[in-house]
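A.B. asks: This is the structure, below, for whatever I ask next.
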Amino acid sequence: MDACSTPMNAPAASLAIDEARYLAEQRRLALQRRMLPVLGIVGLLIAWWAVIAGFNIKPFIAPSPLLVMQTIIQKRDLLLQNLGVTALEALFGFILGNLAAILVASVFVHSKILQWIFLPIAVAINAIPVVAKAPILVLIMGNGMAPKITIAAMVCFFPTLINTVRGLEAVNPQIMDLMRILSATRTQVYFKLRLFSALPYLFSALRIAASMCVIGAIVGEWIGSTQGIGAQIIQATYNYDSPLLYAAIVMSAFLSGLFYVVIALLEKRIVKWSASH
Amino acid sequence: MDACSTPMNAPAASLAIDEARYLAEQRRLALQRRMLPVLGIVGLLIAWWAVIAGFNIKPFIAPSPLLVMQTIIQKRDLLLQNLGVTALEALFGFILGNLAAILVASVFVHSKILQWIFLPIAVAINAIPVVAKAPILVLIMGNGMAPKITIAAMVCFFPTLINTVRGLEAVNPQIMDLMRILSATRTQVYFKLRLFSALPYLFSALRIAASMCVIGAIVGEWIGSTQGIGAQIIQATYNYDSPLLYAAIVMSAFLSGLFYVVIALLEKRIVKWSASH
Amino acid sequence: TVEALGAEDGLINLQLGYIAGADQIAEVTARALGYFKDEGLTLAIQPGGPSVDGLAVVASGRFEVGEISSSPSIMLATSQGIPIQSFAAGLQRHPYGYFSLKKNPVHTPQDFIGKRVGVAPTGVILLRLLLAKNKIPESQVTIVPIGGDMSPLLIGRVDVVTGWLSNTSSLRALGDERVGLTLWDAGVHLYAWPYYATQSTLQTRPDLLVRFLRATARGWHVCRTQPDRAVDYLMKDYPQLNREDERAALAIKLQCALDDETVANGWGTMNADRWQQQITQFDQLGQFSGHVPTVNEVMTTAILDKTRAVRMAV
Amino acid sequence: MNADTDMTAAHSPARELRGAGDAVAGHAISCRDIVVRFFSERRSVTAISGLSLDVPEGEFLTLLGPSGCGKSTFLRVVADLLAPSSGSVTVLGDKPSRARANGDVAFVFQDAALMPWRTVLQNIELPLEIAGKSPRKHRVRTMELLDLVGLSGSENAYPNELSGGMRQRVSIARALIGNPRVLLMDEPFGALDEIVRDRLNDEIRRIWKETKLTILFVTHSIYEAAYLGERVLVLSANPGRVRDIVPVPLPYERTLEARETPEFVSLAARLRRTLETC
Amino acid sequence: MNADTDMTAAHSPARELRGAGDAVAGHAISCRDIVVRFFSERRSVTAISGLSLDVPEGEFLTLLGPSGCGKSTFLRVVADLLAPSSGSVTVLGDKPSRARANGDVAFVFQDAALMPWRTVLQNIELPLEIAGKSPRKHRVRTMELLDLVGLSGSENAYPNELSGGMRQRVSIARALIGNPRVLLMDEPFGALDEIVRDRLNDEIRRIWKETKLTILFVTHSIYEAAYLGERVLVLSANPGRVRDIVPVPLPYERTLEARETPEFVSLAARLRRTLETC
Ligand SMILES: Nc1ncnc2c1ncn2[C@@H]1O[C@H](COP(=O)(O)OP(=O)(O)OP(=O)(O)O)[C@@H](O)[C@H]1O
Ligand SMILES: Nc1ncnc2c1ncn2[C@@H]1O[C@H](COP(=O)(O)OP(=O)(O)OP(=O)(O)O)[C@@H](O)[C@H]1O
Ligand SMILES: Cc1ncc(C[n+]2csc(CCO)c2C)c(N)n1
Ligand SMILES: [Mg+2]
Ligand SMILES: [Mg+2]
């Protein structure tokens, strides 16, 4: 917690030097922020490998990361193709689910009555497991991408709804007073105040959703699909092909991570006013 | 948006009258807050019934709410017993998962380095579908309640983690400065400042988790269980007993709703300083 | 209406109860060789999955034909008043069975006594059928609910697990130590891979089903006579499969698909008495939560009768 | 300064029309027996009790009173941010909500209430955006205001990069940009140094004289209250009520030297005595 | 007031000891060539440039300067909230972090910075809790402070139920409860009415005289700066640097009448002139 650097009696430390020091520090931090996650993932792989090797776990129970890597490299075409399908489903689900959640949250924040009526419905519907919704979805949408996207969207919806409702309400009451004095319309209050106030909550929700939508797409594929990581997981499970199963899981984890990183970068781009301090 | 009540020239409106008016208004609001959700749920049931009746949907695709209610009443003993099992798993999973998430978030907020290393791991692990984790859990924990609780906990973990990390960091920088001048220890900053600042985010996360943990417990039961709503859902599905399936789903939705309400009430009790305004 | 969605001319959707793959080798072969086209059909295989067994989808009229893993599903569905009927059986002998290790084997039903048997929740009833059939009290066996995988056997948590003999890939995990006892050998005679359709399809468009069955039967013929070629077609459609495993699996599937019954009545044949037996067994265990179905509700030989020639040629 | 960009010159025909209508009513703000109470589960506070007041149009009224006496609360009632528990208020001859909706009321809050995600410039332009006017067209005007509050050069800074006084000055510029007819200022200059404060005091009087707007100005400085206002309203606390309304005997045109006149000194002394017994 | 509860009497032996050690150093605060710069992606600001200053222990130094000249920034450097880009600072003969860690420094912020989830009483007691002292044992002291800032009766209110001035008074009481040796006050009385302000001015001088603490007091009021301080530090802006340090020729014992003396008037005039050219 020691904020004071060691005393330094250089008579005139120039702006340029300080600026260079600041930039160097920023670069160091940026590098750290990029390298440490890699360290974490590598550490996870090593831990995984150590458990497999140390406890002498047989490959059909859990394969070693090396074997999984081999499998990934061997079947990369197949895996990447499936990954693409799942990624597309997850992406569309992400967009749809979050848009819907933000929309509904926006309605809720404008009408407490609608919120009190419809939030319990959202809670109830969110509590229905996918298996129960699946037959109806297949019936309505068939076996294409649509039901998978829908399931991914449903999985994203609820967390974003809850967080966004709260975020849209987390306005500074003083600024709300200002908007009122300016006779801002609800739309203006929404777009100029609420949306910005909601950003921290919204991005928190989007990070959650980024991770969830991939799961949603995979679970969605379990209602009937020949393509996608989810189908591959089922296939591998059915065949007790643990290396392939784990390869598919690694792929889905990778996809989740990718989504997460994109959202984090997006947030950094959008929320730039709180950069300092 | 008209805040000014109609002019009222009563010479001396007494405090007692104003207070009575305030209390009456509070009561009216409280009543509304209690009745509107009931209206919502009743509306949902009516809509369900209307769709079934209107489109002439056959019971094996979706039974009417009346039939489901009948089933619930008929099989209430069985359903309640199973509900109890699932509720217990969900509750323990909720407590465990959220505690773990809060704990990890607390570590993260104290060490950015640990956060950058371990958050990616959390993202990766969260991306693994339950089916893939289940065999390993069963391997380690056997067939009792433990793996179900673990799965419910895992489902709660991630959203709470993300929200709590953000909440713990959402401190007023001025008050943070104050704590620093007081040379507050990290523990004190944590318990006297961060935890309170995190409450809105935390309760948002707990609402999400309240809904999710029930799903987690149900999915957990699918990896092997004879008891619980999840087992009942599997059984009903296998037997094409859609009234029973829907009865089980209604039970799980009810449980989710109950959890949600408890959390909402808890929040109202704890966060009382922002009551006015 | 939902029916309208699936009514495209010449298109026939086969809804599976599970993922698409090796079990559809005959259909895939037939499609590859143009047998469906010969019948004026275009076959679309619609996979199911762990979350959807497809029966409701077919029953609602969305897709025309369904295939499900085991005959009990048909009986349970009709018991609930779902208007479907089985019109052919893919396999005569159910390849589902119980697997144990040589050091603690289950060779015969009697060996189950004192064992811990790991079964998925939906498999419990099949084990109970087996025990009832062999007059073994259920109390003598410990049923351990597990998910669908074999690791509990490998780590010694249970002594017996369940699985499909036809799924060679999955059995590899057990290696040489494997001891198998099929439901069939234990005296429980279920059909596997029964085909079904709604009663309305059976009545209004029987000829669609006839053509479907004819093409499929010709696929089976190729499977029997040129198994390597069939596996080639399978691998082409499902490249993620393992060729050697599927070649071995096909041999087992053929054994299950073609037996004395089919010598007499052709591939796919069904026997009303055997259906009745299954219904009775299920009823005795109190499995019908709806009404107890009659044989005529559950199955029909109408389509079989019209395709006898082709089926006899398999 | 040419007429087009002069911040005092933007009288639209519509405003002229409304102005004529209000002249009949005569009072910019008129309150009768206002009572404001705050309730919570634990306690109830009477912030204002039986306040009656008429503020003619075009008056510069300053408000003095002990901390917590209800000055901010009163301004909030006038601005239609708070409904009084009882009593009636009219602003520009109409309900406060109407005056507000007409865009006639502006408010400088006790704290700056800036949007942290907007730069200084964007914060000042907010009222224009809300009113549906193009900020680009009024850029010259905005720049003049920035200059007035001494923030030229900081227009692209975000609020968290500003000092406390700079933030407050942004909020003053924001209040002035909309050409209000009633300006409510809650200790606007509290965080400013005396030099800037003196300059802004003169500027605000100049603006007031040129535009004939009505100003309610809360301050803690007796000198400021006396120097700025045509009348000084002194509120007493617990609960807030009118203690005294003191006309300021200073000439219409004032300079800082006015503070040295005996009238000013005795007025300040009187206000001080009144305040001491509040 | 008995000795036990007197807020000025709590000199622990440890403090005596430390006091003796520091006496050698002599300066409560000593700065050499401080430069403070703020960087962001878009711009860099030099808030303070080459500020050098010695504040003897026990001095009451007031700071004047135009808005944005770096007064708050300087206080933040002294309080170890901000590291200067270059230059050295010692507080009580040691690194600022050490002085802070010893609990010797207290800060009244420009805005109150209260915890919204704590009542008035709990907010004031926060420093006690942090220091591991029992708030219950010091309740008498807390009540005295509450009384000092005129908030008796509001101890159970939450901050959002208070007026702006009341909030600021809570934060003053909070700063005083810890018996600091260096008190940094950033416009503490800016939101207070003049009566309370005058009373607190006298109180703060009394406390200063009794406890011999060192006070750095930022104010925008020239009168306040002259009345309170032993010396007045005037900062100039862009970038902040020492413009002038003016000793106050008033007697040690001061009353409000001191403001009428010619020395005071001429000092105020000099400060005003200095400020005008900052
Ligand atoms: N939301 C609220 N809930 C409860 N009490 C409140 C609320 N807002 C204000 N009060 C009370 O109303 C009284 C008047 O408050 P107000 O803010 O109007 O004072 P003020 O005259 O502006 O004081 P200051 O000069 O300190 O800003 C105070 O006693 C305050 O405690
Ligand atoms: N976090 C920051 N990022 C960038 N610039 C900053 C930051 N904090 C302060 N500044 C700049 O530093 C300068 C000094 O600010 P400071 O808050 O110290 O002024 P001040 O003298 O306290 O002014 P006031 O009397 O208005 O409170 C200002 O120009 C301000 O814009
Ligand atoms: C009796 C019985 N029916 C269905 C399944 C589920 N299942 C697991 S693998 C597979 C594919 C069969 O070709 C199916 C349907 C089961 N385990 N046992
Ligand atoms: Mg106020
Ligand atoms: Mg400042």
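Note on naming: chains are A, B, ... as they come in the structure tokens, residues start from 1 per chain, ligands start from 1 in the order shown.
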With a distance cut-off of 12 Å and only C-alpha atoms, select the neighbouring residues of Ile95 in chain A, excluding the residue or stretch itself and same-chain residues fewer than 3 positions from it, and output the selection as a list in words.

C.D. replies: Leu88, Glu89, Ala90, Leu91, Phe92, Asn98, Leu99, Ala100, Ala101, Ile102, Leu103, Ile149, Thr150, Ala152, Ala153, Met154, Val155, Cys156, Phe157, Thr160, Leu206, Ala209, Ala210, Cys213, Phe259 and Ile263 of chain A

A.B. asks: With N, CA, C and O atoms retained, write the just-selected residues as a compact mmCIF listing (two decimals), in the first residue's frame.

C.D. replies:
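So result_26.txt came out as:
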```
# COMPACT_ATOMS: atom_id res chain seq x y z
N LEU A 88 -21.42 -20.80 -34.16
CA LEU A 88 -22.47 -20.02 -34.82
C LEU A 88 -23.75 -20.04 -33.99
O LEU A 88 -24.38 -19.00 -33.76
N GLU A 89 -24.11 -21.24 -33.55
CA GLU A 89 -25.31 -21.36 -32.72
C GLU A 89 -25.17 -20.53 -31.45
O GLU A 89 -26.08 -19.80 -31.05
N ALA A 90 -24.01 -20.68 -30.81
CA ALA A 90 -23.79 -19.95 -29.55
C ALA A 90 -23.83 -18.46 -29.79
O ALA A 90 -24.44 -17.71 -29.01
N LEU A 91 -23.22 -18.03 -30.86
CA LEU A 91 -23.17 -16.58 -31.15
C LEU A 91 -24.57 -16.03 -31.36
O LEU A 91 -24.96 -15.03 -30.75
N PHE A 92 -25.33 -16.71 -32.21
CA PHE A 92 -26.69 -16.23 -32.45
C PHE A 92 -27.51 -16.29 -31.17
O PHE A 92 -28.28 -15.38 -30.87
N ASN A 98 -29.45 -12.18 -25.21
CA ASN A 98 -29.12 -10.96 -24.50
C ASN A 98 -29.96 -9.79 -24.97
O ASN A 98 -30.41 -8.97 -24.16
N LEU A 99 -30.18 -9.72 -26.26
CA LEU A 99 -31.05 -8.65 -26.77
C LEU A 99 -32.42 -8.75 -26.14
O LEU A 99 -32.97 -7.76 -25.66
N ALA A 100 -32.95 -9.97 -26.14
CA ALA A 100 -34.28 -10.16 -25.55
C ALA A 100 -34.26 -9.76 -24.08
O ALA A 100 -35.16 -9.06 -23.60
N ALA A 101 -33.22 -10.18 -23.36
CA ALA A 101 -33.15 -9.87 -21.93
C ALA A 101 -33.07 -8.37 -21.71
O ALA A 101 -33.76 -7.82 -20.84
N ILE A 102 -32.25 -7.70 -22.51
CA ILE A 102 -32.11 -6.25 -22.35
C ILE A 102 -33.43 -5.56 -22.67
O ILE A 102 -33.85 -4.63 -21.98
N LEU A 103 -34.08 -6.08 -23.69
CA LEU A 103 -35.38 -5.52 -24.07
C LEU A 103 -36.39 -5.66 -22.94
O LEU A 103 -37.06 -4.70 -22.55
N ILE A 149 -30.18 -22.56 -31.31
CA ILE A 149 -30.01 -21.13 -31.03
C ILE A 149 -30.98 -20.70 -29.95
O ILE A 149 -30.63 -19.96 -29.03
N THR A 150 -32.20 -21.21 -30.06
CA THR A 150 -33.20 -20.84 -29.05
C THR A 150 -32.76 -21.28 -27.66
O THR A 150 -32.90 -20.52 -26.69
N ALA A 152 -29.70 -21.86 -26.59
CA ALA A 152 -28.58 -21.02 -26.17
C ALA A 152 -29.09 -19.65 -25.71
O ALA A 152 -28.64 -19.11 -24.69
N ALA A 153 -30.05 -19.12 -26.45
CA ALA A 153 -30.61 -17.82 -26.08
C ALA A 153 -31.30 -17.89 -24.73
O ALA A 153 -31.16 -17.01 -23.88
N MET A 154 -32.06 -18.97 -24.50
CA MET A 154 -32.77 -19.11 -23.23
C MET A 154 -31.80 -19.17 -22.06
O MET A 154 -32.07 -18.65 -20.99
N VAL A 155 -30.68 -19.84 -22.29
CA VAL A 155 -29.70 -19.99 -21.22
C VAL A 155 -29.09 -18.62 -20.86
O VAL A 155 -28.81 -18.34 -19.70
N CYS A 156 -28.88 -17.78 -21.89
CA CYS A 156 -28.32 -16.45 -21.64
C CYS A 156 -29.32 -15.52 -20.99
O CYS A 156 -28.96 -14.60 -20.26
N PHE A 157 -30.58 -15.74 -21.32
CA PHE A 157 -31.60 -14.74 -21.02
C PHE A 157 -31.69 -14.33 -19.55
O PHE A 157 -31.61 -13.15 -19.22
N THR A 160 -28.86 -12.25 -17.69
CA THR A 160 -28.78 -10.90 -18.24
C THR A 160 -30.00 -10.09 -17.82
O THR A 160 -29.90 -8.91 -17.49
N LEU A 206 -22.97 -10.08 -19.50
CA LEU A 206 -22.51 -10.57 -20.80
C LEU A 206 -21.34 -11.54 -20.63
O LEU A 206 -21.21 -12.50 -21.38
N ALA A 209 -22.98 -14.64 -19.70
CA ALA A 209 -23.66 -15.19 -20.87
C ALA A 209 -22.65 -15.74 -21.88
O ALA A 209 -22.91 -16.76 -22.53
N ALA A 210 -21.51 -15.08 -22.00
CA ALA A 210 -20.49 -15.54 -22.96
C ALA A 210 -20.10 -16.97 -22.66
O ALA A 210 -19.91 -17.80 -23.56
N CYS A 213 -23.58 -19.37 -23.13
CA CYS A 213 -24.23 -19.59 -24.41
C CYS A 213 -23.61 -20.80 -25.11
O CYS A 213 -24.30 -21.51 -25.85
N PHE A 259 -15.23 -16.24 -26.37
CA PHE A 259 -16.37 -15.35 -26.18
C PHE A 259 -16.10 -14.40 -25.02
O PHE A 259 -16.35 -13.20 -25.10
N ILE A 263 -15.81 -10.22 -25.05
CA ILE A 263 -16.64 -9.34 -24.24
C ILE A 263 -15.78 -8.44 -23.36
O ILE A 263 -16.03 -7.24 -23.23
```

A.B. asks: Within range 146-290 of chain C, find each residue whose DSSP state, derived from the backbone, is strand (DSSP E or B), and express the selection as a PyMOL selection string.

C.D. replies: chain C and resi 160-164+178-182+192-198

A.B. asks: Kindly compile the residues surrounding ligand 2 within 9 Å, counting only C-alpha atoms and all ligand atoms, and format them as a ChimeraX atom specification.

C.D. replies: /A:276-277 /D:154,157-169,191-193 /E:36-40,43-48,64-76,110,186-187,218-220,235,237-240

A.B. asks: In Å to one decimal, how far is CA of Leu96 in chain A from CA of Phe158 in chain B?

C.D. replies: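 Going from CA of Phe158 in chain B over to CA of Leu96 in chain A covers 21.2 Å.
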
A.B. asks: Taking 2 positions as the minimum chain separation for residues in the same chain, which residues sit within 8 Å of range 279-283 of chain C when counting only C-alpha atoms? Answer as a ChimeraX atom specification.

C.D. replies: /C:75,129,275-277,285-288,292-295

A.B. asks: Between D:Ala83, D:Gly26, D:Thr274, D:Leu51, which has the minimum distance to chain B (counting only C-alpha atoms)?

C.D. replies: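 Smallest separation from chain B among the options: D:Ala83.
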
A.B. asks: Can you measure CA of Val149 in chain E to CA of Gln122 in chain E for me? One decimal in Å is fine.

C.D. replies: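 Atom-to-atom, CA of Val149 in chain E to CA of Gln122 in chain E, that is 15.3 Å.
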
A.B. asks: Considering only C-alpha atoms, extract the chain A residues located within 8 Å of chain C and return them as a PyMOL selection string.

C.D. replies: chain A and resi 60-61+78+130-131+134-135+138-140+143+221-226+231+234-235+237-241

A.B. asks: One decimal, in Å: what's the spacing between CA of Ile204 in chain D and CA of Ala106 in chain D?

C.D. replies: 13.7 Å

A.B. asks: Smallest atom-to-atom distance to chain B: which of D:Leu81, D:Leu53, D:Val265, D:Leu250, using only C-alpha atoms?

C.D. replies: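 Among the listed residues, the smallest separation from chain B belongs to D:Leu81.
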
A.B. asks: Excluding Val144 in chain C and residues on its chain fewer than 3 positions from it, collect all residues at most 8 Å away from it, counting only C-alpha atoms, and give them as a ChimeraX atom specification.

C.D. replies: /B:143 /C:116-119,158

A.B. asks: Restricting the output to N, CA, C and O atoms, write the selected residues as a CSV table (one decimal), in the first residue's frame.

C.D. replies:
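The result, stored in selection-v3.csv:
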```csv
chain,number,residue,atom,x,y,z
B,143,ASN,N,-22.6,-42.2,-5.4
B,143,ASN,CA,-24.0,-42.0,-5.9
B,143,ASN,C,-24.9,-41.3,-5.0
B,143,ASN,O,-26.1,-41.3,-5.2
C,116,ARG,N,-23.6,-56.0,-7.3
C,116,ARG,CA,-24.1,-54.6,-7.4
C,116,ARG,C,-24.2,-54.3,-8.9
C,116,ARG,O,-23.2,-54.4,-9.7
C,117,VAL,N,-25.3,-53.9,-9.3
C,117,VAL,CA,-25.5,-53.7,-10.8
C,117,VAL,C,-25.8,-52.2,-11.0
C,117,VAL,O,-26.7,-51.6,-10.4
C,118,GLY,N,-24.9,-51.6,-11.8
C,118,GLY,CA,-25.1,-50.2,-12.2
C,118,GLY,C,-25.9,-50.0,-13.4
C,118,GLY,O,-25.6,-50.5,-14.5
C,119,VAL,N,-27.1,-49.4,-13.3
C,119,VAL,CA,-27.9,-49.1,-14.4
C,119,VAL,C,-28.4,-47.7,-14.4
C,119,VAL,O,-28.5,-47.1,-13.4
C,158,VAL,N,-19.2,-50.8,-9.0
C,158,VAL,CA,-20.3,-51.8,-9.2
C,158,VAL,C,-19.6,-53.0,-9.8
C,158,VAL,O,-18.5,-53.0,-10.3
```

A.B. asks: List every residue of range 188-240 of chain E that DSSP, applied to the backbone, labels as helix (DSSP H, G or I), and write the result as a list in words.

C.D. replies: Glu194, Ile195, Val196, Arg197, Asp198, Arg199, Leu200, Asn201, Asp202, Glu203, Ile204, Arg205, Arg206, Ile207, Trp208, Lys209, Glu210, Thr211, Ile222, Tyr223, Glu224, Ala225, Ala226, Tyr227 and Leu228 of chain E

A.B. asks: Produce a table with one row for each residue of chain D that has an atom at most 7 Å from any atom of chain A, each row naming the nearest atom pair and its distance in Å at one decimal; use only C-alpha atoms; arrange rows by chain and rising residue number; format as JSON lines.

C.D. replies:
```
{"residue": "D:Ala79", "atom": "CA", "partner": "A:Ile181", "partner_atom": "CA", "distance": 6.6}
{"residue": "D:Leu81", "atom": "CA", "partner": "A:Asp177", "partner_atom": "CA", "distance": 6.6}
{"residue": "D:Arg100", "atom": "CA", "partner": "A:Ile181", "partner_atom": "CA", "distance": 5.9}
{"residue": "D:Ala101", "atom": "CA", "partner": "A:Ser183", "partner_atom": "CA", "distance": 5.3}
{"residue": "D:Gly103", "atom": "CA", "partner": "A:Leu182", "partner_atom": "CA", "distance": 6.4}
{"residue": "D:Val105", "atom": "CA", "partner": "A:Ile181", "partner_atom": "CA", "distance": 6.9}
{"residue": "D:Ala106", "atom": "CA", "partner": "A:Ile181", "partner_atom": "CA", "distance": 6.7}
{"residue": "D:Ala113", "atom": "CA", "partner": "A:Ile175", "partner_atom": "CA", "distance": 5.4}
{"residue": "D:Leu114", "atom": "CA", "partner": "A:Ile175", "partner_atom": "CA", "distance": 6.9}
{"residue": "D:Pro116", "atom": "CA", "partner": "A:Trp273", "partner_atom": "CA", "distance": 6.7}
{"residue": "D:Trp117", "atom": "CA", "partner": "A:Trp273", "partner_atom": "CA", "distance": 5.4}
{"residue": "D:Pro127", "atom": "CA", "partner": "A:Leu182", "partner_atom": "CA", "distance": 6.4}
{"residue": "D:Ile130", "atom": "CA", "partner": "A:Ala184", "partner_atom": "CA", "distance": 5.8}
{"residue": "D:Tyr158", "atom": "CA", "partner": "A:Trp273", "partner_atom": "CA", "distance": 6.4}
```

A.B. asks: Once you have the residues from the selection above, write them out as a PDB file, in the first residue's frame, restricted to N, CA and C atoms.

C.D. replies:
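After the write, result.pdb holds the following:
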```pdb
ATOM      1  N   ALA D  79     -38.806  22.843  -8.156  1.00  0.00           N
ATOM      2  CA  ALA D  79     -38.382  22.211  -9.401  1.00  0.00           C
ATOM      3  C   ALA D  79     -39.225  20.995  -9.740  1.00  0.00           C
ATOM      4  N   LEU D  81     -39.361  18.249  -8.156  1.00  0.00           N
ATOM      5  CA  LEU D  81     -38.662  16.989  -7.870  1.00  0.00           C
ATOM      6  C   LEU D  81     -39.269  16.303  -6.669  1.00  0.00           C
ATOM      7  N   ARG D 100     -41.692  23.084 -15.497  1.00  0.00           N
ATOM      8  CA  ARG D 100     -40.561  22.221 -15.781  1.00  0.00           C
ATOM      9  C   ARG D 100     -40.661  21.671 -17.205  1.00  0.00           C
ATOM     10  N   ALA D 101     -41.875  21.189 -17.542  1.00  0.00           N
ATOM     11  CA  ALA D 101     -42.054  20.579 -18.857  1.00  0.00           C
ATOM     12  C   ALA D 101     -41.822  21.598 -19.969  1.00  0.00           C
ATOM     13  N   GLY D 103     -39.537  23.608 -20.012  1.00  0.00           N
ATOM     14  CA  GLY D 103     -38.115  23.890 -20.107  1.00  0.00           C
ATOM     15  C   GLY D 103     -37.756  25.228 -19.508  1.00  0.00           C
ATOM     16  N   VAL D 105     -37.293  25.813 -16.233  1.00  0.00           N
ATOM     17  CA  VAL D 105     -36.616  25.726 -14.941  1.00  0.00           C
ATOM     18  C   VAL D 105     -35.249  25.064 -15.119  1.00  0.00           C
ATOM     19  N   ALA D 106     -34.239  25.648 -14.519  1.00  0.00           N
ATOM     20  CA  ALA D 106     -32.932  24.992 -14.483  1.00  0.00           C
ATOM     21  C   ALA D 106     -32.464  24.928 -13.042  1.00  0.00           C
ATOM     22  N   ALA D 113     -23.335  16.594  -9.965  1.00  0.00           N
ATOM     23  CA  ALA D 113     -24.213  15.667 -10.694  1.00  0.00           C
ATOM     24  C   ALA D 113     -23.883  15.617 -12.181  1.00  0.00           C
ATOM     25  N   LEU D 114     -22.611  15.372 -12.476  1.00  0.00           N
ATOM     26  CA  LEU D 114     -22.218  15.202 -13.877  1.00  0.00           C
ATOM     27  C   LEU D 114     -22.298  13.739 -14.266  1.00  0.00           C
ATOM     28  N   PRO D 116     -20.479  10.714 -15.543  1.00  0.00           N
ATOM     29  CA  PRO D 116     -19.056  10.389 -15.617  1.00  0.00           C
ATOM     30  C   PRO D 116     -18.631   9.906 -17.004  1.00  0.00           C
ATOM     31  N   TRP D 117     -19.585   9.472 -17.809  1.00  0.00           N
ATOM     32  CA  TRP D 117     -19.223   8.929 -19.118  1.00  0.00           C
ATOM     33  C   TRP D 117     -19.232   9.997 -20.210  1.00  0.00           C
ATOM     34  N   PRO D 127     -28.444  19.409 -21.928  1.00  0.00           N
ATOM     35  CA  PRO D 127     -29.780  20.024 -22.035  1.00  0.00           C
ATOM     36  C   PRO D 127     -30.188  20.301 -23.478  1.00  0.00           C
ATOM     37  N   ILE D 130     -31.313  17.027 -24.940  1.00  0.00           N
ATOM     38  CA  ILE D 130     -32.622  16.641 -24.401  1.00  0.00           C
ATOM     39  C   ILE D 130     -33.725  17.478 -25.059  1.00  0.00           C
ATOM     40  N   TYR D 158     -12.795  14.096 -18.801  1.00  0.00           N
ATOM     41  CA  TYR D 158     -13.924  13.436 -18.143  1.00  0.00           C
ATOM     42  C   TYR D 158     -14.019  13.944 -16.705  1.00  0.00           C
TER      43      TYR D 158
END
```

A.B. asks: Got a sec to check which residues lie within 6 Å of ligand 3, using only C-alpha atoms and all ligand atoms, and send them as a PDB file with N, CA and C atoms, in the first residue's frame?

C.D. replies:
```
ATOM      1  N   TYR C  18     -32.202 -41.570 -30.797  1.00  0.00           N
ATOM      2  CA  TYR C  18     -30.916 -41.180 -30.252  1.00  0.00           C
ATOM      3  C   TYR C  18     -30.103 -40.551 -31.376  1.00  0.00           C
ATOM      4  N   ASP C  23     -25.996 -47.156 -36.026  1.00  0.00           N
ATOM      5  CA  ASP C  23     -27.199 -47.984 -36.005  1.00  0.00           C
ATOM      6  C   ASP C  23     -28.039 -47.805 -37.262  1.00  0.00           C
ATOM      7  N   SER C  69     -34.988 -47.168 -29.785  1.00  0.00           N
ATOM      8  CA  SER C  69     -34.029 -48.227 -29.477  1.00  0.00           C
ATOM      9  C   SER C  69     -34.685 -49.536 -29.033  1.00  0.00           C
ATOM     10  N   SER C  70     -35.783 -49.430 -28.272  1.00  0.00           N
ATOM     11  CA  SER C  70     -36.337 -50.673 -27.716  1.00  0.00           C
ATOM     12  C   SER C  70     -37.859 -50.700 -27.797  1.00  0.00           C
ATOM     13  N   GLY C 123     -33.043 -47.960 -17.219  1.00  0.00           N
ATOM     14  CA  GLY C 123     -32.709 -49.372 -17.420  1.00  0.00           C
ATOM     15  C   GLY C 123     -33.157 -50.243 -16.262  1.00  0.00           C
TER      16      GLY C 123
END
```
